[in-house]
>>> print(open('final_27.cif').read())   # mmCIF, C-alpha atoms
data_my_file
loop_
_atom_site.label_atom_id
_atom_site.label_comp_id
_atom_site.auth_asym_id
_atom_site.auth_seq_id
_atom_site.Cartn_x
_atom_site.Cartn_y
_atom_site.Cartn_z
CA MET A 26 -36.36 67.88 22.84
CA THR A 27 -33.64 69.35 25.05
CA ALA A 28 -30.61 71.21 23.73
CA VAL A 29 -27.90 69.23 21.99
CA PRO A 30 -25.29 67.73 24.31
CA THR A 31 -21.99 69.46 24.86
CA VAL A 32 -18.98 67.66 23.38
CA GLN A 33 -15.47 68.90 24.21
CA VAL A 34 -12.62 67.21 22.31
CA PHE A 35 -9.19 66.94 23.95
CA GLY A 36 -7.12 65.23 21.25
CA GLY A 37 -6.97 61.67 19.99
CA PRO A 38 -10.15 59.75 20.93
CA THR A 39 -10.78 61.68 24.15
CA ALA A 40 -13.91 63.80 24.51
CA LEU A 41 -16.13 64.94 27.35
CA ILE A 42 -19.84 64.52 26.65
CA GLU A 43 -22.31 66.30 28.92
CA TYR A 44 -25.66 64.61 28.44
CA GLY A 45 -28.78 64.17 30.53
CA GLY A 46 -27.06 65.56 33.61
CA LEU A 47 -24.10 63.19 33.22
CA ARG A 48 -20.45 63.90 32.43
CA LEU A 49 -19.07 61.07 30.31
CA LEU A 50 -15.49 60.78 29.04
CA THR A 51 -14.53 58.72 25.99
CA ASP A 52 -11.26 56.74 25.66
CA PRO A 53 -8.92 58.70 27.99
CA THR A 54 -5.47 59.55 26.57
CA PHE A 55 -3.44 62.36 28.16
CA ASP A 56 0.21 61.24 27.96
CA ALA A 57 3.05 63.32 26.54
CA PRO A 58 4.30 62.33 23.07
CA GLY A 59 6.31 59.12 22.90
CA ASP A 60 6.55 55.55 21.61
CA TYR A 61 4.51 52.59 22.80
CA PRO A 62 6.05 49.18 22.00
CA ARG A 63 3.59 46.75 20.39
CA GLY A 64 5.84 43.69 20.04
CA GLY A 65 7.83 42.42 17.10
CA GLY A 66 9.75 45.68 16.92
CA ARG A 67 6.58 47.66 16.17
CA PHE A 68 5.57 50.89 17.91
CA LEU A 69 2.62 53.23 18.09
CA THR A 70 3.87 56.80 18.31
CA LYS A 71 2.01 59.58 20.05
CA THR A 72 2.85 62.92 18.43
CA LEU A 73 0.92 65.45 20.53
CA PRO A 74 -0.15 65.63 24.19
CA GLY A 75 -3.76 65.84 25.25
CA THR A 76 -5.12 69.37 25.48
CA VAL A 77 -6.37 69.08 29.06
CA ASP A 78 -4.87 68.01 32.36
CA PRO A 79 -6.99 65.16 33.79
CA ALA A 80 -7.00 66.98 37.13
CA ASP A 81 -8.87 69.84 35.45
CA LEU A 82 -11.71 67.73 34.08
CA GLY A 83 -13.81 67.88 37.22
CA PRO A 84 -16.00 65.03 38.43
CA LEU A 85 -16.95 62.34 35.93
CA ASP A 86 -19.93 60.01 36.12
CA ALA A 87 -18.45 57.37 33.82
CA VAL A 88 -15.82 56.59 31.22
CA LEU A 89 -17.00 55.12 27.92
CA LEU A 90 -13.99 52.98 26.95
CA SER A 91 -14.24 51.35 23.54
CA HIS A 92 -11.38 48.98 24.38
CA ASP A 93 -8.41 48.80 26.70
CA GLU A 94 -5.83 46.94 24.62
CA HIS A 95 -4.41 49.76 22.46
CA PRO A 96 -2.52 52.75 23.91
CA ASP A 97 -4.12 55.20 21.48
CA ASN A 98 -7.40 54.48 23.24
CA LEU A 99 -6.15 54.07 26.81
CA ASP A 100 -2.66 55.33 27.66
CA HIS A 101 -0.80 55.38 30.98
CA SER A 102 -2.42 58.53 32.35
CA GLY A 103 -5.80 57.31 31.13
CA ARG A 104 -5.39 54.12 33.13
CA LYS A 105 -4.49 56.16 36.19
CA LEU A 106 -7.65 58.24 35.78
CA LEU A 107 -9.86 55.13 35.80
CA ALA A 108 -9.02 54.53 39.47
CA ASP A 109 -10.89 57.71 40.40
CA VAL A 110 -13.93 57.21 38.18
CA PRO A 111 -17.08 55.64 39.68
CA LEU A 112 -17.82 53.58 36.56
CA THR A 113 -15.98 52.49 33.43
CA LEU A 114 -18.09 50.85 30.74
CA THR A 115 -16.06 48.76 28.32
CA THR A 116 -15.80 45.33 26.67
CA ARG A 117 -16.25 42.17 28.69
CA GLY A 118 -12.60 41.22 28.36
CA GLY A 119 -11.55 44.77 29.16
CA ALA A 120 -13.51 44.75 32.41
CA GLU A 121 -11.77 41.53 33.45
CA ARG A 122 -8.34 42.98 32.69
CA LEU A 123 -8.98 46.37 34.32
CA GLY A 124 -10.92 45.31 37.41
CA GLY A 125 -11.89 48.10 39.77
CA THR A 126 -15.06 49.90 38.71
CA ALA A 127 -14.97 48.55 35.15
CA GLN A 128 -18.16 46.89 33.91
CA GLY A 129 -18.12 44.79 30.77
CA LEU A 130 -20.90 45.01 28.19
CA ALA A 131 -21.77 42.81 25.24
CA PRO A 132 -23.09 44.50 22.08
CA TRP A 133 -26.72 45.65 22.52
CA GLN A 134 -26.51 45.33 26.32
CA GLU A 135 -27.91 48.33 28.23
CA VAL A 136 -27.03 50.14 31.44
CA GLU A 137 -29.22 52.71 33.16
CA LEU A 138 -27.39 55.68 34.65
CA GLY A 139 -29.78 58.24 36.09
CA GLU A 140 -32.32 58.95 33.35
CA VAL A 141 -29.87 57.93 30.64
CA THR A 142 -29.74 54.56 28.91
CA ILE A 143 -26.26 53.64 27.68
CA THR A 144 -26.34 50.87 25.09
CA ALA A 145 -23.17 49.10 24.00
CA VAL A 146 -23.14 48.67 20.22
CA PRO A 147 -20.91 46.69 17.85
CA ALA A 148 -17.65 48.04 16.45
CA GLN A 149 -15.29 46.35 14.01
CA HIS A 150 -11.68 47.48 14.40
CA GLY A 151 -10.53 46.55 10.88
CA PRO A 152 -11.64 44.41 7.94
CA ASP A 153 -13.95 41.39 8.26
CA GLY A 154 -12.41 38.75 10.52
CA CYS A 155 -10.12 41.19 12.32
CA GLU A 156 -11.24 40.39 15.86
CA PRO A 157 -8.63 37.70 16.70
CA VAL A 158 -5.92 40.27 15.99
CA THR A 159 -7.39 43.64 16.97
CA GLY A 160 -9.60 42.37 19.78
CA GLU A 161 -13.11 43.10 21.00
CA VAL A 162 -14.28 46.71 20.61
CA ILE A 163 -17.60 48.39 21.35
CA GLY A 164 -19.25 51.73 20.70
CA PHE A 165 -22.07 53.34 22.65
CA VAL A 166 -25.49 54.91 22.07
CA LEU A 167 -26.94 57.33 24.61
CA THR A 168 -30.70 57.78 24.89
CA GLY A 169 -33.20 59.03 27.43
CA PRO A 170 -36.69 60.50 27.82
CA GLY A 171 -36.83 63.74 25.84
CA LEU A 172 -33.11 63.51 25.06
CA PRO A 173 -31.45 63.43 21.64
CA VAL A 174 -29.74 60.26 20.45
CA VAL A 175 -25.94 60.28 20.69
CA TYR A 176 -23.74 57.67 19.01
CA VAL A 177 -20.09 57.13 20.01
CA SER A 178 -18.54 54.86 17.40
CA GLY A 179 -15.39 53.61 19.10
CA ASP A 180 -12.73 52.22 16.78
CA ASN A 181 -14.97 51.02 13.95
CA ALA A 182 -14.07 50.69 10.27
CA SER A 183 -17.27 49.03 9.02
CA LEU A 184 -20.15 50.86 7.37
CA GLU A 185 -22.21 47.67 7.64
CA VAL A 186 -21.91 48.02 11.42
CA VAL A 187 -23.05 51.64 11.14
CA GLU A 188 -26.09 50.50 9.12
CA ARG A 189 -27.07 48.05 11.87
CA ILE A 190 -26.88 50.80 14.47
CA ALA A 191 -28.86 53.20 12.28
CA GLU A 192 -31.60 50.58 11.90
CA ARG A 193 -32.07 50.50 15.67
CA PHE A 194 -31.42 54.10 16.67
CA GLY A 195 -31.49 56.37 13.62
CA PRO A 196 -31.78 59.17 12.92
CA VAL A 197 -29.00 60.21 15.31
CA ASP A 198 -28.71 63.74 16.67
CA THR A 199 -24.98 63.70 17.46
CA ALA A 200 -22.43 61.21 16.14
CA VAL A 201 -19.00 61.17 17.78
CA LEU A 202 -17.09 59.36 15.05
CA PHE A 203 -13.63 57.87 15.53
CA ALA A 204 -12.07 58.77 12.21
CA GLY A 205 -8.49 59.42 11.09
CA GLY A 206 -8.08 56.45 8.75
CA ALA A 207 -5.93 54.53 11.24
CA ARG A 208 -3.50 52.08 9.60
CA THR A 209 -0.61 50.18 11.21
CA GLY A 210 0.54 47.83 8.45
CA ILE A 211 -1.51 44.83 9.58
CA PHE A 212 -4.16 43.36 7.25
CA ASP A 213 -2.17 44.67 4.25
CA ASN A 214 -2.49 48.17 5.71
CA ALA A 215 -6.29 48.05 5.69
CA LEU A 216 -8.31 50.69 7.50
CA LEU A 217 -8.67 50.10 11.25
CA THR A 218 -11.07 53.03 11.72
CA LEU A 219 -13.19 55.17 9.43
CA ASP A 220 -11.32 57.38 7.01
CA SER A 221 -12.78 60.77 6.11
CA ALA A 222 -14.93 59.56 3.20
CA ARG A 223 -16.35 56.71 5.27
CA ALA A 224 -17.01 59.08 8.15
CA ALA A 225 -19.08 61.24 5.83
CA GLU A 226 -20.94 58.18 4.55
CA ALA A 227 -21.54 57.06 8.15
CA ALA A 228 -23.06 60.46 8.86
CA ARG A 229 -25.40 60.02 5.90
CA ILE A 230 -26.42 56.51 6.99
CA LEU A 231 -27.11 57.69 10.53
CA GLY A 232 -29.02 60.77 9.40
CA ALA A 233 -26.80 62.67 11.83
CA ARG A 234 -27.69 66.27 12.58
CA ARG A 235 -24.20 66.86 13.97
CA VAL A 236 -20.90 64.99 13.64
CA VAL A 237 -18.03 65.53 16.07
CA PRO A 238 -14.92 63.70 14.80
CA VAL A 239 -12.33 62.38 17.24
CA HIS A 240 -9.34 60.03 16.86
CA PHE A 241 -7.87 61.88 13.86
CA ASP A 242 -4.87 63.61 15.45
CA SER A 243 -2.09 63.09 17.99
CA TRP A 244 -0.90 59.67 16.74
CA ALA A 245 1.38 58.82 13.80
CA HIS A 246 -0.79 55.95 12.53
CA PHE A 247 -3.77 58.26 11.99
CA THR A 248 -3.40 58.91 8.27
CA GLU A 249 -6.09 61.59 7.72
CA GLY A 250 -6.58 64.73 9.76
CA ARG A 251 -8.64 67.90 9.76
CA GLU A 252 -8.33 68.94 6.11
CA PRO A 253 -9.37 65.56 4.61
CA LEU A 254 -12.38 65.54 6.95
CA LEU A 255 -13.43 69.00 5.82
CA ALA A 256 -12.98 68.02 2.16
CA ALA A 257 -14.87 64.72 2.46
CA PHE A 258 -17.87 66.22 4.23
CA ALA A 259 -17.98 69.08 1.73
CA ALA A 260 -17.86 66.62 -1.18
CA ALA A 261 -20.73 64.66 0.39
CA GLY A 262 -22.82 67.82 0.82
CA LEU A 263 -22.59 67.47 4.60
CA ALA A 264 -20.29 70.34 5.53
CA ASP A 265 -23.01 71.86 7.68
CA VAL A 266 -23.18 68.86 10.04
CA LEU A 267 -19.44 68.69 10.72
CA GLU A 268 -18.29 70.23 14.00
CA LEU A 269 -14.52 70.71 14.21
CA ALA A 270 -12.89 72.85 16.89
#
>>> encode(input="final_27.cif", output="structure tokens")
Amino acid sequence: MTAVPTVQVFGGPTALIEYGGLRLLTDPTFDAPGDYPRGGGRFLTKTLPGTVDPADLGPLDAVLLSHDEHPDNLDHSGRKLLADVPLTLTTRGGAERLGGTAQGLAPWQEVELGEVTITAVPAQHGPDGCEPVTGEVIGFVLTGPGLPVVYVSGDNASLEVVERIAERFGPVDTAVLFAGGARTGIFDNALLTLDSARAAEAARILGARRVVPVHFDSWAHFTEGREPLLAAFAAAGLADVLELA
């Protein structure tokens, strides 16, 4: 098996994955701090800028966009970047809204890019039945001949979804888990993404050799950051698989 893929995290849900000769960027968010109106007097507040200028990323082969409808997954500068990317893989509805080079995928649908197979996988952005409110979301699994398995969760709060993915693809070499315990007050303030304890349990379910958390900083509605992640993985006996910059 080849060496583990490189994963560089740039704040929020944004990471550059170098895998099988490809350069793949997850949910691009680079804006300066500020408020994003969400209707009904509600806002999502970005607290920190991204840690890289999009112009410094270099050429990208594709963007893996879990969904386009929330600014903490695709902000203004992220949308601008999509115009210069040869391929954006996202939800079916997202591809219709974005146009351009966006291609919509249903869960379990595959795309071949070079020697790499990119499979869209389910994600549940909240409690059971959340989809009419939070919208369609997908994650991704990367595979290829002689390559390790990489899972990118997208905004997923369900361990049952993780179990379904593990059944098909486990054990996973690298899991890029959207964590942070996102809560916005909807669904009685239920989790919209994995919190730290669930991220550790997801790692166990997946049999992950390495976990790279994203989506746990830079936004006010992320309720758990670096220290809770470290504590949860240590409590689960999985401190050695956690990779935090």
>>> resolve_selection(input="final_27.cif", expression="the PyMOL selection byres ((chain A and resi 149-158) around 12)", output="PyMOL selection string")
chain A and resi 91-92+94-95+132+146-148+159-164+178-187+203-204+206-220
>>> write_last_selection(input="final_27.cif", atoms="C-alpha atoms", output="mmCIF file, keeping the file's coordinate frame")
data_model
loop_
_atom_site.group_PDB
_atom_site.id
_atom_site.type_symbol
_atom_site.label_atom_id
_atom_site.label_comp_id
_atom_site.auth_asym_id
_atom_site.auth_seq_id
_atom_site.Cartn_x
_atom_site.Cartn_y
_atom_site.Cartn_z
ATOM 1 C CA SER A 91 -14.240 51.350 23.540
ATOM 2 C CA HIS A 92 -11.380 48.980 24.380
ATOM 3 C CA GLU A 94 -5.830 46.940 24.620
ATOM 4 C CA HIS A 95 -4.410 49.760 22.460
ATOM 5 C CA PRO A 132 -23.090 44.500 22.080
ATOM 6 C CA VAL A 146 -23.140 48.670 20.220
ATOM 7 C CA PRO A 147 -20.910 46.690 17.850
ATOM 8 C CA ALA A 148 -17.650 48.040 16.450
ATOM 9 C CA THR A 159 -7.390 43.640 16.970
ATOM 10 C CA GLY A 160 -9.600 42.370 19.780
ATOM 11 C CA GLU A 161 -13.110 43.100 21.000
ATOM 12 C CA VAL A 162 -14.280 46.710 20.610
ATOM 13 C CA ILE A 163 -17.600 48.390 21.350
ATOM 14 C CA GLY A 164 -19.250 51.730 20.700
ATOM 15 C CA SER A 178 -18.540 54.860 17.400
ATOM 16 C CA GLY A 179 -15.390 53.610 19.100
ATOM 17 C CA ASP A 180 -12.730 52.220 16.780
ATOM 18 C CA ASN A 181 -14.970 51.020 13.950
ATOM 19 C CA ALA A 182 -14.070 50.690 10.270
ATOM 20 C CA SER A 183 -17.270 49.030 9.020
ATOM 21 C CA LEU A 184 -20.150 50.860 7.370
ATOM 22 C CA GLU A 185 -22.210 47.670 7.640
ATOM 23 C CA VAL A 186 -21.910 48.020 11.420
ATOM 24 C CA VAL A 187 -23.050 51.640 11.140
ATOM 25 C CA PHE A 203 -13.630 57.870 15.530
ATOM 26 C CA ALA A 204 -12.070 58.770 12.210
ATOM 27 C CA GLY A 206 -8.080 56.450 8.750
ATOM 28 C CA ALA A 207 -5.930 54.530 11.240
ATOM 29 C CA ARG A 208 -3.500 52.080 9.600
ATOM 30 C CA THR A 209 -0.610 50.180 11.210
ATOM 31 C CA GLY A 210 0.540 47.830 8.450
ATOM 32 C CA ILE A 211 -1.510 44.830 9.580
ATOM 33 C CA PHE A 212 -4.160 43.360 7.250
ATOM 34 C CA ASP A 213 -2.170 44.670 4.250
ATOM 35 C CA ASN A 214 -2.490 48.170 5.710
ATOM 36 C CA ALA A 215 -6.290 48.050 5.690
ATOM 37 C CA LEU A 216 -8.310 50.690 7.500
ATOM 38 C CA LEU A 217 -8.670 50.100 11.250
ATOM 39 C CA THR A 218 -11.070 53.030 11.720
ATOM 40 C CA LEU A 219 -13.190 55.170 9.430
ATOM 41 C CA ASP A 220 -11.320 57.380 7.010
#
>>> closest_residue(input="final_27.cif", among="A:Pro53, A:Gly171, A:Pro74, A:Pro238", to="Thr199 (chain A)", atoms="only C-alpha atoms")
A:Pro238
>>> resolve_selection(input="final_27.cif", expression="the PyMOL selection byres ((chain A and resi 90) around 7)", output="list in words")
Thr51, Asp52, Val88, Leu89, Ser91, His92, Asp93, Thr113, Leu114 and Thr115 of chain A
>>> atom_distance(input="final_27.cif", atom1="CA of Lys105 (chain A)", atom2="CA of Thr168 (chain A)")
28.6 Å
>>> closest_residue(input="final_27.cif", among="A:Phe55, A:Gln134, A:Phe68, A:Glu188", to="Arg104 (chain A)", atoms="all atoms listed in the file")
A:Phe55
>>> atom_distance(input="final_27.cif", atom1="CA of His246 (chain A)", atom2="CA of Asp97 (chain A)")
9.6 Å
>>> atom_distance(input="final_27.cif", atom1="CA of Ala228 (chain A)", atom2="CA of Pro38 (chain A)")
17.7 Å
>>> residues_around(input="final_27.cif", residues="Glu137 (chain A)", least_positions_apart="4", cutoff="12 Å", atoms="all atoms listed in the file", output="list in words")
Gly45, Leu47, Ala87, Leu112, Leu114, Val141, Thr142, Ile143, Thr144, Ala145, Val166, Leu167, Thr168 and Gly169 of chain A
>>> resolve_selection(input="final_27.cif", expression="the PyMOL selection byres ((chain A and resi 77) around 10)", output="count of residues only")
14
>>> axis_aligned_box(input="final_27.cif", around="region 112-119 of chain A", padding_each_side="4 Å", output="lines of an AutoDock Vina configuration file")
center_x = -14.8
center_y = 47.4
center_z = 31.6
size_x = 14.5
size_y = 20.4
size_z = 17.9
>>> residues_near_point(input="final_27.cif", point="(-25.9, 63.7, 16.1)", cutoff="6 Å", atoms="all atoms listed in the file", output="list in words")
Val175, Val197, Asp198, Thr199, Ala200, Ala233, Arg234, Arg235 and Val236 of chain A
>>> residues_around(input="final_27.cif", residues="Leu49 (chain A)", least_positions_apart="4", cutoff="9 Å", atoms="only C-alpha atoms", output="mmCIF file with C-alpha atoms, in the frame of the given file")
data_model
loop_
_atom_site.group_PDB
_atom_site.id
_atom_site.type_symbol
_atom_site.label_atom_id
_atom_site.label_comp_id
_atom_site.auth_asym_id
_atom_site.auth_seq_id
_atom_site.Cartn_x
_atom_site.Cartn_y
_atom_site.Cartn_z
ATOM 1 C CA ALA A 40 -13.910 63.800 24.510
ATOM 2 C CA LEU A 41 -16.130 64.940 27.350
ATOM 3 C CA ILE A 42 -19.840 64.520 26.650
ATOM 4 C CA GLU A 43 -22.310 66.300 28.920
ATOM 5 C CA TYR A 44 -25.660 64.610 28.440
ATOM 6 C CA LEU A 85 -16.950 62.340 35.930
ATOM 7 C CA ASP A 86 -19.930 60.010 36.120
ATOM 8 C CA ALA A 87 -18.450 57.370 33.820
ATOM 9 C CA VAL A 88 -15.820 56.590 31.220
ATOM 10 C CA LEU A 89 -17.000 55.120 27.920
#
>>> closest_residue(input="final_27.cif", among="A:Ala127, A:Ala222, A:Ala120, A:Ala191", to="Ala260 (chain A)", atoms="all atoms listed in the file")
A:Ala222
>>> closest_residue(input="final_27.cif", among="A:Arg117, A:Gly129, A:Gly59, A:Val29", to="Val174 (chain A)", atoms="all atoms listed in the file")
A:Val29
>>> residues_around(input="final_27.cif", residues="Trp244 (chain A)", least_positions_apart="5", cutoff="9 Å", atoms="all atoms listed in the file", output="PyMOL selection string")
chain A and resi 37+58+69-73+97
>>> closest_residue(input="final_27.cif", among="A:Ala225, A:Leu231, A:Val201, A:Ala245", to="Ala261 (chain A)", atoms="all atoms listed in the file")
A:Ala225
>>> closest_residue(input="final_27.cif", among="A:Ala57, A:Trp133, A:Gly83, A:Leu138", to="His101 (chain A)", atoms="all atoms listed in the file")
A:Ala57
